[in-house]
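Written below as structure tokens is the structure these notes are about.
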6 protein chains.
Amino acid sequence: MIAPLPRHVVDDLIRRTLDEDLGAVGDLTSRAAIPADRTSRATVVARAAGTIAGAGIAASVFHAVDPAIEVHIAHDDGEQVDAGTVVLRLHGPTRSLLTAERSALNLLGHASGIATATRTAVDATAGHRARIVDTRKTTPGLRALEKYAVRCGGGTNHRTGLFDAVMLKDNHLAASDSIASAVAAVRADVGHTVHVEVEVDRLDQLDDALAAGADSVLLDNFSPEHLRLAVERTAGRAILEASGGITPDTVTAVAASGVDVISLGWITHSAPRLDVALDLEPG
Amino acid sequence: MIAPLPRHVVDDLIRRTLDEDLGAVGDLTSRAAIPADRTSRATVVARAAGTIAGAGIAASVFHAVDPAIEVHIAHDDGEQVDAGTVVLRLHGPTRSLLTAERSALNLLGHASGIATATRTAVDATAGHRARIVDTRKTTPGLRALEKYAVRCGGGTNHRTGLFDAVMLKDNHLAASDSIASAVAAVRADVGHTVHVEVEVDRLDQLDDALAAGADSVLLDNFSPEHLRLAVERTAGRAILEASGGITPDTVTAVAASGVDVISLGWITHSAPRLDVALDLEPG
Amino acid sequence: MIAPLPRHVVDDLIRRTLDEDLGAVGDLTSRAAIPADRTSRATVVARAAGTIAGAGIAASVFHAVDPAIEVHIAHDDGEQVDAGTVVLRLHGPTRSLLTAERSALNLLGHASGIATATRTAVDATAGHRARIVDTRKTTPGLRALEKYAVRCGGGTNHRTGLFDAVMLKDNHLAASDSIASAVAAVRADVGHTVHVEVEVDRLDQLDDALAAGADSVLLDNFSPEHLRLAVERTAGRAILEASGGITPDTVTAVAASGVDVISLGWITHSAPRLDVALDLEPG
Amino acid sequence: MIAPLPRHVVDDLIRRTLDEDLGAVGDLTSRAAIPADRTSRATVVARAAGTIAGAGIAASVFHAVDPAIEVHIAHDDGEQVDAGTVVLRLHGPTRSLLTAERSALNLLGHASGIATATRTAVDATAGHRARIVDTRKTTPGLRALEKYAVRCGGGTNHRTGLFDAVMLKDNHLAASDSIASAVAAVRADVGHTVHVEVEVDRLDQLDDALAAGADSVLLDNFSPEHLRLAVERTAGRAILEASGGITPDTVTAVAASGVDVISLGWITHSAPRLDVALDLEPG
Amino acid sequence: MIAPLPRHVVDDLIRRTLDEDLGAVGDLTSRAAIPADRTSRATVVARAAGTIAGAGIAASVFHAVDPAIEVHIAHDDGEQVDAGTVVLRLHGPTRSLLTAERSALNLLGHASGIATATRTAVDATAGHRARIVDTRKTTPGLRALEKYAVRCGGGTNHRTGLFDAVMLKDNHLAASDSIASAVAAVRADVGHTVHVEVEVDRLDQLDDALAAGADSVLLDNFSPEHLRLAVERTAGRAILEASGGITPDTVTAVAASGVDVISLGWITHSAPRLDVALDLEPG
Amino acid sequence: MIAPLPRHVVDDLIRRTLDEDLGAVGDLTSRAAIPADRTSRATVVARAAGTIAGAGIAASVFHAVDPAIEVHIAHDDGEQVDAGTVVLRLHGPTRSLLTAERSALNLLGHASGIATATRTAVDATAGHRARIVDTRKTTPGLRALEKYAVRCGGGTNHRTGLFDAVMLKDNHLAASDSIASAVAAVRADVGHTVHVEVEVDRLDQLDDALAAGADSVLLDNFSPEHLRLAVERTAGRAILEASGGITPDTVTAVAASGVDVISLGWITHSAPRLDVALDLEPG
């Protein structure tokens with residue numbers, strides 16, 4: 001089971017999502033067209049194959065709209081489903097089910113889209129030591145959800161933000177005499193639990209980064225061949241991360257180089273949503 | 001010029017975005033690696049061709065991080081740019097530029113991705129009366145931004161949420177004796193400024209919807225041929241919206257049917273981001 | 001049954017109301033003067049005849065202060081009551097009942113005052129086609145509650161704000177060559193679900209508004225006679241709204257003109273509160 | 001000059017007010033009908049005689065919508081104006097002036113209505129020692145503004161809420177053996193800066209309250225004659241407050257009794273708004 | 001039993017505290033190292049003798065993290081405990097217990113530290129009329145909690161802030177002709193429930209303050225002897241507060257002077273936390 | 001110069017602090033006793049020797065209350081000052097200076113108290129390799145400020161919360177077969193930038209932690225002698241942190257053992273505030 005996000009984070013996300021769709025007024029259509037006492041059964045169904053993320057959050061959306069809605073999670077986060085699979089089974093006031101529908105589906109579809117994209121990359125690199133990780137190229141306001149979705153897809157999280165790990169990029173290095181002095185300056189400033197990663201463009205910089213004692217090195221836009229050389233040269237002295245324009249088509253070759261970590265921006269910033277829908281029946 | 005979002009909406013969005021990336025601690029790397037008094041020039045550049053949305057918002061991100069950063073908007077929202085085009089020119093403390101970079105790019109890239117997708121559909125339907133509109137299948141927390149981005153791409157907005165227009169779908173209609181009685185119930189309940197749209201699956205339902213006095217009718221998953229028949233039969237008595245699985249490949253044929261409105265979910269829920277980046281130089 | 005406001009809207013309203021009265025400290029008097037374990041029965045009673053709005057919200061105030069308070073709603077929103085009628089029956093810790101009292105009464109009295117004023121106008125126009133609607137002249141921070149109260153009084157809601165319908169007033173029209181060009185500019189900009197209303201001062205402008213294809217026309221400060229002429233001339237081509245200084249004394253004559261909609265500012269901005277009080281008895 | 005509310009209180013109030021009217025979308029009409037670069041002069045005018053409250057807050061609303069709007073306050077809070085008096089003079093982008101108009105007027109009209117009602121009562125009691133004060137019967141969410149408006153009208157504020165003074169009412173007293181023991185229990189619990197007021201219904205209770213050392217006594221629904229007796233009997237040993245159903249017609253007689261304080265609920269819960277409007281002219 | 005803080009105040013405090021420790025990500029360690037279905041028994045234990053404040057709040061922290069945690073309060077707020085005393089008994093998911101631990105302990109330890117410091121001063125002045133009160137020298141963001149903790153320690157609260165009582169200090173008096181005119185100006189401005197205290201440095205100012213009709217007088221940095229003279233001279237005409245650098249060592253002598261109130265800044269701004277810890281056992 | 005906290009973090013902190021002291025009403029005393037147009041010069045002065053933290057934040061408090069106040073920072077964060085040193089020089093409206101005084105001083109005094117305590121420990125360990133770090137035993141709601149203050153005092157920050165590093169304590173280890181399996185489980189779950197620290201009570205556990213590949217080991221309550229043995233045995237294979245009841249008296253001996261990091265709870269949870277005050281003079 002994937003450990004859930006903190007409750008207050010989920011509550012806020014749901015609150016914001018409902019506020020966008022309901023405003024201060026609510027659901028004009030359902031209140032006028034559906035009798036207040038009508039109840040229904042409903043299912044949330046995946047219309048395409050994919051990996052689920054956000055089932056529990058979608059369930060909470062229905063509860064937030066109306067505590068009288070009962071929800072059963074048929075397939076929980078991290079599970080892979082085929083097209084047509086029922087993810088949630090619901091029962092409650094018809095009005096409330098319809099009022100919550102779009103908010104719940106938008107959250108579930110967005111998160112599951114990311115989980116599905118991540119899973120594709122994870123599967124494409126099976127058998128290699130490399131772990132698939134996300135980046136900070138996330139959708140504004142949704143970083144916690146998206147990083148959670150990456151975990152649901154079998155990936156691992158890179159740093160959360162600028163505040164929980166150091167990444168020395170070219171612009172930072174340009175302000176120092178050398179990689180060594182940049183790493184030293186950072187080590188002197190940050191606490192002992194802060195990981196220091198150095199981004200390099202060329203193999204010779206890798207040597208400097210290793211000599212400087214970087215905890216990990218990001219190899220930016222290296223060809224699979226250069227990645228392999230880097231792995232060889234590093235010999236375990238640091239964690240090696242491949243990054244830069246890696247696609248589903250190239251990720252297997254990258255993994256074959258023996259790197260430890262492969263970071264992919266598109267799994268968060270450009271993954272299409274998983275198609276999910278709500279089917280209603282009387283009851 | 002595209003009319004901007006209300007200031008408090010933008011301020012909130014920026015606040016949330018920065019909070020995700022900076023947390024309560026800030027940018028560990030820049031504070032350690034970059035001297036406090038160093039300044040730089042920088043540009044935000046489109047790495048691919050597309051339509052800009054969010055240039056002013058990105059500029060405000062830099063200001064929010066540090067009011068000392070000066071920003072010039074070279075290409076504003078709604079403008080189409082080629083790969084390599086400079087969108088923003090910046091000057092200010094290097095630390096602050098790097099701290100704001102990812103938040104600004106994520107907002108600009110996300111919004112411009114949607115504007116670019118919208119523009120593709122708008123261009124593909126040029127010469128036809130149909131307007132390209134969005135749906136409520138938006139990214140949670142970003143509906144206002146995404147609907148704004150649709151406008152930047154030349155599209156128009158469908159209703160904002162459940163609170164500002166009525167859309168009677170099959171689940172609503174199932175609770176009534178007829179389309180006529182459903183429309184009547186809604187008209188009796190909502191104010192005179194509320195638009196009433198009815199979703200139909202088949203041509204014969206269209207007649208009912210028109211007879212019921214719907215302001216507009218959503219033709220769900222109609223073939224181009226059936227759309228043409230619907231246009232003919234309606235003869236201007238209601239606004240006709242084509243919807244359901246319309247893609248960049250099929251949108252021209254749909255438009256050729258003569259419908260008034262084409263709604264596309266993918267421009268908001270699955271558009272890939274526009275690749276934008278920050279280039280720094282001393283100064 | 002009047003469809004309730006979204007839960008998060010009500011929760012916020014209650015939170016703000018309690019915060020004003022309790023501050024960070026709470027109820028100094030009750031905590032010192034009432035033993036913690038004392039319980040009471042109490043009733044919330046209307047001291048004057050009127051229409052109830054906010055009974056459920058008042059009930060939620062008591063729950064928010066203390067979940068141990070049990071509440072029974074004797075007369076729900078939309079019901080007309082005489083002086084002396086019990087609206088809520090309560091049982092729970094005496095301290096908590098007294099702490100919640102004023103917040104609950106202020107919400108109930110304010111909303112019921114608006115419902116009562118609305119009901120007066122609705123009753124005064126019975127038998128005519130005109131619907132009584134509110135305006136944007138609402139009390140700051142309470143628009144959602146007040147528009148809900150108008151519905152409880154038998155009225156209907158005009159647009160919620162500047163964001164959900166277009167109203168072209170003289171200042172907007174002054175910026176255009178003609179009503180026709182103003183309406184055309186607006187139609188080109190807004191989505192197909194956005195209603196376009198035009199405000200006119202004189203009968204000849206009505207013709208222009210109709211010709212421009214306005215969905216509705218607001219007839220500002222028209223005499224009943226001119227309203228009748230306008231109804232005749234329009235012949236159903238647009239919805240006609242009478243507005244401007246209409247009072248309880250004049251509203252019947254206005255309705256007799258045959259207009260579709262009558263908007264009244266005073267039902268929200270100047271309605272006196274309905275007198276409601278809490279009576280406590282041991283138990 | 002009336003001391004203004006704390007800046008963060010005003011900012012919140014304005015933020016909430018604008019959010020209601022603009023939503024996440026903004027002003028559909030002005031953005032479509034008014035060119036972005038058009039500017040105007042405008043005045044905010046009182047359409048009826050009254051006392052101003054909220055002029056500075058209304059000015060801040062315009063600034064919050066658009067910092068480019070210049071505002072001159074012609075008549076500030078506390079000033080009495082005739083019908084037709086210009087309160088604010090404005091200059092700036094026409095779009096922004098129209099977008100801010102209703103929010104600014106609603107705040108100004110609401111607060112000035114309360115100031116005007118207060119001033120009526122203050123004037124009706126001129127020459128007497130009694131001060132006109134408000135109650136906790138305020139509009140939910142607006143207590144700070146309304147108490148400020150009372151000060152603008154020449155009134156004084158009763159306690160802000162349950163947290164800043166003690167008021168022992170019949171329900172509190174019923175939980176004690178005597179007024180004396182209730183006052184003693186409260187004094188033992190609250191700090192030395194907390195004022196203790198006791199509400200009494202009959203003259204004989206007044207003696208008990210005075211003997212108990214109450215700082216002030218609220219004489220509930222006393223006739224003017226009984227009030228006079230109470231004043232005589234008290235002889236300055238406590239502050240005397242007259243309360244309960246006092247109207248503009250009866251307030252002078254009440255004041256003539258010689259009480260120190262007269263509290264009026266209707267100045268906050270039922271005062272009609274002062275009619276204020278915005279006049280626009282090119283420029 | 002000490003009356004608890006308002007629920008919304010406690011909820012906010014807990015929310016902020018958890019947000020600091022969990023961020024948007026949660027507890028990395030427990031989610032990886034503890035199986036999701038493992039449960040434990042745990043106790044929160046005082047490691048030193050002291051007075052409890054915040055037991056109920058700590059209990060609510062555990063509930064906020066996971067409603068499945070059951071909590072029994074063994075020693076409630078206001079109780080004095082020895083080292084080794086169990087304050088809370090808990091049972092629930094091990095992960096959740098560990099996730100909530102630090103937030104709960106920080107709140108309990110901080111509040112109990114203040115209660116313990118207050119209790120020391122209260123005990124040191126037993127038998128004297130003086131009450132121990134707090135000041136506005138509280139920890140930013142925690143005033144409500146800290147003033148509550150003072151009550152738990154047997155102390156009483158001075159004013160909450162600048163808004164609920166008047167304190168004329170030397171800087172205020174310097175702006176007036178005399179203490180008399182300053183008091184008169186204040187009385188004319190504030191409501192009748194507002195207590196007016198005057199701070200004086202010398203005995204002769206005390207006479208002025210008494211003559212001006214101050215409700216209480218703060219004697220700043222008076223020696224015990226001068227305090228005694230002040231008590232004598234005042235003869236009950238005003239409440240007398242001793243303040244200024246009073247320590248646990250000097251507080252008894254100050255109380256012996258016969259003053260009514262002794263205010264101590266260190267009980268809120270410099271009290272060390274009470275050492276509290278969580279002990280876990282399987283179950 | 002110490003890198004400041006993110007602007008939105010500081011703004012929130014100030015907002016919360018002012019809200020506590022001003023409420024919705026403001027400063028009753030200054031508004032009544034000080035003429036609106038009076039201005040003054042003022043200084044914020046350290047009344048005791050110490051290390052400054054929060055000078056810029058205190059300056060921002062004055063600006064937040066009134067932008068018309070000019071502030072000059074004479075001694076900035078991280079500087080050591082003697083008793084009597086002027087930290088801030090201010091000029092502006094007297095009312096506003098007095099209204100902001102307590103909020104500004106509370107923030108400055110609290111943060112500087114922590115910086116001063118930290119500096120004491122840093123100075124006591126000068127010449128040794130050990131760095132002084134904080135813990136998560138911080139004051140609720142103030143973690144960001146307090147960790148910043150630790151940096152101002154020459155210390156370094158341990159992890160911010162549960163979300164940015166792993167710390168395996170006895171309760172976590174008890175859920176695993178061995179330290180090795182616990183570390184392995186964590187490594188598999190968290191990203192490559194997450195530091196893994198293991199807490200041990202005995203020397204033999206240290207060997208297990210080192211063998212498990214912990215990045216650092218917390219030696220809980222080790223005597224200086226055992227610390228020395230641990231340093232020897234570890235020989236640089238992991239970072240060693242001494243923790244547990246270390247006081248100003250024992251910290252030098254601990255540092256002499258050669259550990260890398262010494263964590264101290266009391267610098268955040270029990271440091272007394274630095275005495276700071278505001279002196280006003282006409283001008």
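Going by the structure tokens order, chains are called A, B, ..., each with residues numbered from 1, while ligands are numbered from 1 in the order shown.
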
May I have a table of the residues of chain F lying at most 10 Å from chain C, giving each one's closest pair of atoms and their distance in Å to one decimal, counting only C-alpha atoms, ordered by chain and ascending residue number, as JSON lines?
```
{"residue": "F:Glu20", "atom": "CA", "partner": "C:Ala24", "partner_atom": "CA", "distance": 8.1}
{"residue": "F:Gly23", "atom": "CA", "partner": "C:Gly23", "partner_atom": "CA", "distance": 8.1}
{"residue": "F:Ala24", "atom": "CA", "partner": "C:Glu20", "partner_atom": "CA", "distance": 8.1}
```

Output for the residues just chosen: C-alpha atoms as a PDB file, in the first residue's frame:
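again-v2.pdb, written as the output of this step:
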```pdb
ATOM      1  CA  GLU F  20      -2.878  38.679  17.981  1.00  0.00           C
ATOM      2  CA  GLY F  23      -7.333  42.065  16.776  1.00  0.00           C
ATOM      3  CA  ALA F  24     -10.034  43.512  14.562  1.00  0.00           C
TER       4      ALA F  24
END
```

Out of range 106-260 of chain F, which residues get alpha helix (DSSP H) from DSSP, as an NGL selection string?
:F and (106-124 or 143-152 or 170-173 or 179-189 or 203-211 or 224-234 or 251-256)

Written selection (C-alpha atoms) as a compact mmCIF listing (two decimals), in the first residue's frame:
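What follows is the written file out.txt:
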```txt
# COMPACT_ATOMS: atom_id res chain seq x y z
CA ASN F 106 8.43 39.94 20.68
CA LEU F 107 9.73 38.67 17.35
CA LEU F 108 13.16 40.21 17.75
CA GLY F 109 13.54 39.15 21.38
CA HIS F 110 12.45 35.59 20.74
CA ALA F 111 14.67 35.04 17.72
CA SER F 112 17.64 36.80 19.28
CA GLY F 113 17.27 34.70 22.41
CA ILE F 114 17.72 31.59 20.31
CA ALA F 115 20.61 33.08 18.35
CA THR F 116 22.28 34.05 21.59
CA ALA F 117 21.88 30.59 23.10
CA THR F 118 23.21 29.04 19.91
CA ARG F 119 26.18 31.39 19.84
CA THR F 120 27.06 30.40 23.40
CA ALA F 121 27.25 26.77 22.36
CA VAL F 122 29.13 27.59 19.17
CA ASP F 123 31.69 29.61 21.11
CA ALA F 124 32.02 26.87 23.72
CA ARG F 143 10.05 26.41 13.34
CA ALA F 144 11.17 28.39 10.29
CA LEU F 145 11.98 31.46 12.39
CA GLU F 146 13.76 29.44 15.06
CA LYS F 147 15.88 27.49 12.57
CA TYR F 148 16.76 30.79 10.96
CA ALA F 149 17.74 32.16 14.39
CA VAL F 150 20.00 29.15 14.93
CA ARG F 151 21.81 30.05 11.70
CA CYS F 152 22.14 33.63 12.94
CA ASP F 170 14.37 2.80 18.50
CA ASN F 171 10.64 2.69 17.84
CA HIS F 172 11.25 2.37 14.13
CA LEU F 173 14.00 -0.18 14.56
CA ILE F 179 19.13 -2.11 11.59
CA ALA F 180 20.27 -3.43 8.24
CA SER F 181 16.80 -4.40 7.14
CA ALA F 182 15.34 -1.12 8.40
CA VAL F 183 17.88 0.92 6.48
CA ALA F 184 17.32 -1.20 3.39
CA ALA F 185 13.55 -0.74 3.61
CA VAL F 186 13.94 2.99 3.87
CA ARG F 187 16.44 3.26 1.04
CA ALA F 188 14.04 1.37 -1.21
CA ASP F 189 11.24 3.77 -0.43
CA LEU F 203 28.36 1.14 20.84
CA ASP F 204 27.50 -2.27 19.38
CA GLN F 205 24.52 -0.77 17.56
CA LEU F 206 26.92 1.70 15.99
CA ASP F 207 28.64 -1.15 14.19
CA ASP F 208 25.31 -2.34 12.86
CA ALA F 209 24.38 1.14 11.69
CA LEU F 210 27.69 1.56 9.92
CA ALA F 211 27.40 -1.83 8.32
CA PRO F 224 32.21 11.81 26.21
CA GLU F 225 34.33 8.70 26.56
CA HIS F 226 31.95 6.53 24.61
CA LEU F 227 31.65 9.28 22.04
CA ARG F 228 35.41 9.18 21.61
CA LEU F 229 35.33 5.43 21.16
CA ALA F 230 32.56 5.84 18.60
CA VAL F 231 34.56 8.40 16.64
CA GLU F 232 37.52 6.10 16.61
CA ARG F 233 35.54 3.08 15.59
CA THR F 234 33.69 4.91 12.84
CA VAL F 251 29.03 20.79 25.37
CA THR F 252 32.76 21.47 25.31
CA ALA F 253 33.58 18.00 26.58
CA VAL F 254 31.24 16.51 24.03
CA ALA F 255 32.87 18.46 21.22
CA ALA F 256 36.29 17.33 22.40
```

Taking 5 positions as the minimum chain separation for residues in the same chain, which residues sit within 9 Å of Gly141 in chain D when counting only C-alpha atoms? Answer as a list in words.
Leu13, Arg16, Thr17, Leu18, Asp19, Glu20, Pro140, Gly141 and Leu142 of chain C; Leu13 of chain D

When you look at range 268-279 of chain E with a cut-off of 7 Å (counting only C-alpha atoms), what residues show up, excluding the ones that are within fewer than 2 positions of it in the same chain? I need them as a ChimeraX atom specification.
/E:42-48,50,101,105,109-110,112-114,117,137-139,146,265-266,281 /F:269-273

Could you give me, as a VMD selection string, each residue of range 2-248 of chain F that DSSP assigns to strand (DSSP E) when run on this structure's backbone?
chain F and resid 39 to 46 50 to 51 70 to 73 80 to 81 86 to 93 131 to 133 166 to 168 196 to 200 216 to 220 239 to 243

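In this structure, CA of Ser243 in chain E sits 24.6 Å away from CA of Asp215 in chain D.
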
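For the pair CA of Arg41 in chain D and CA of Ala3 in chain B, the separation is 21.1 Å.
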
Near range 160-165 of chain D, within 9 Å and counting only C-alpha atoms, which residues show up once chain neighbours fewer than 2 positions away are dropped, as an MDAnalysis selection string?
(chainID C and resid 20:30 99) or (chainID D and resid 135:136 143:144 147 157:158 167 193:197) or (chainID E and resid 159:160 163:165 193:194) or (chainID F and resid 24:25)

Please identify all polymer residues within 6 Å of Ser263 in chain C, counting only C-alpha atoms, omitting same-chain residues fewer than 2 positions from it, and present them as a list of chain:residue names.
C:Ile132, C:Val133, C:Asp134, C:Ser243
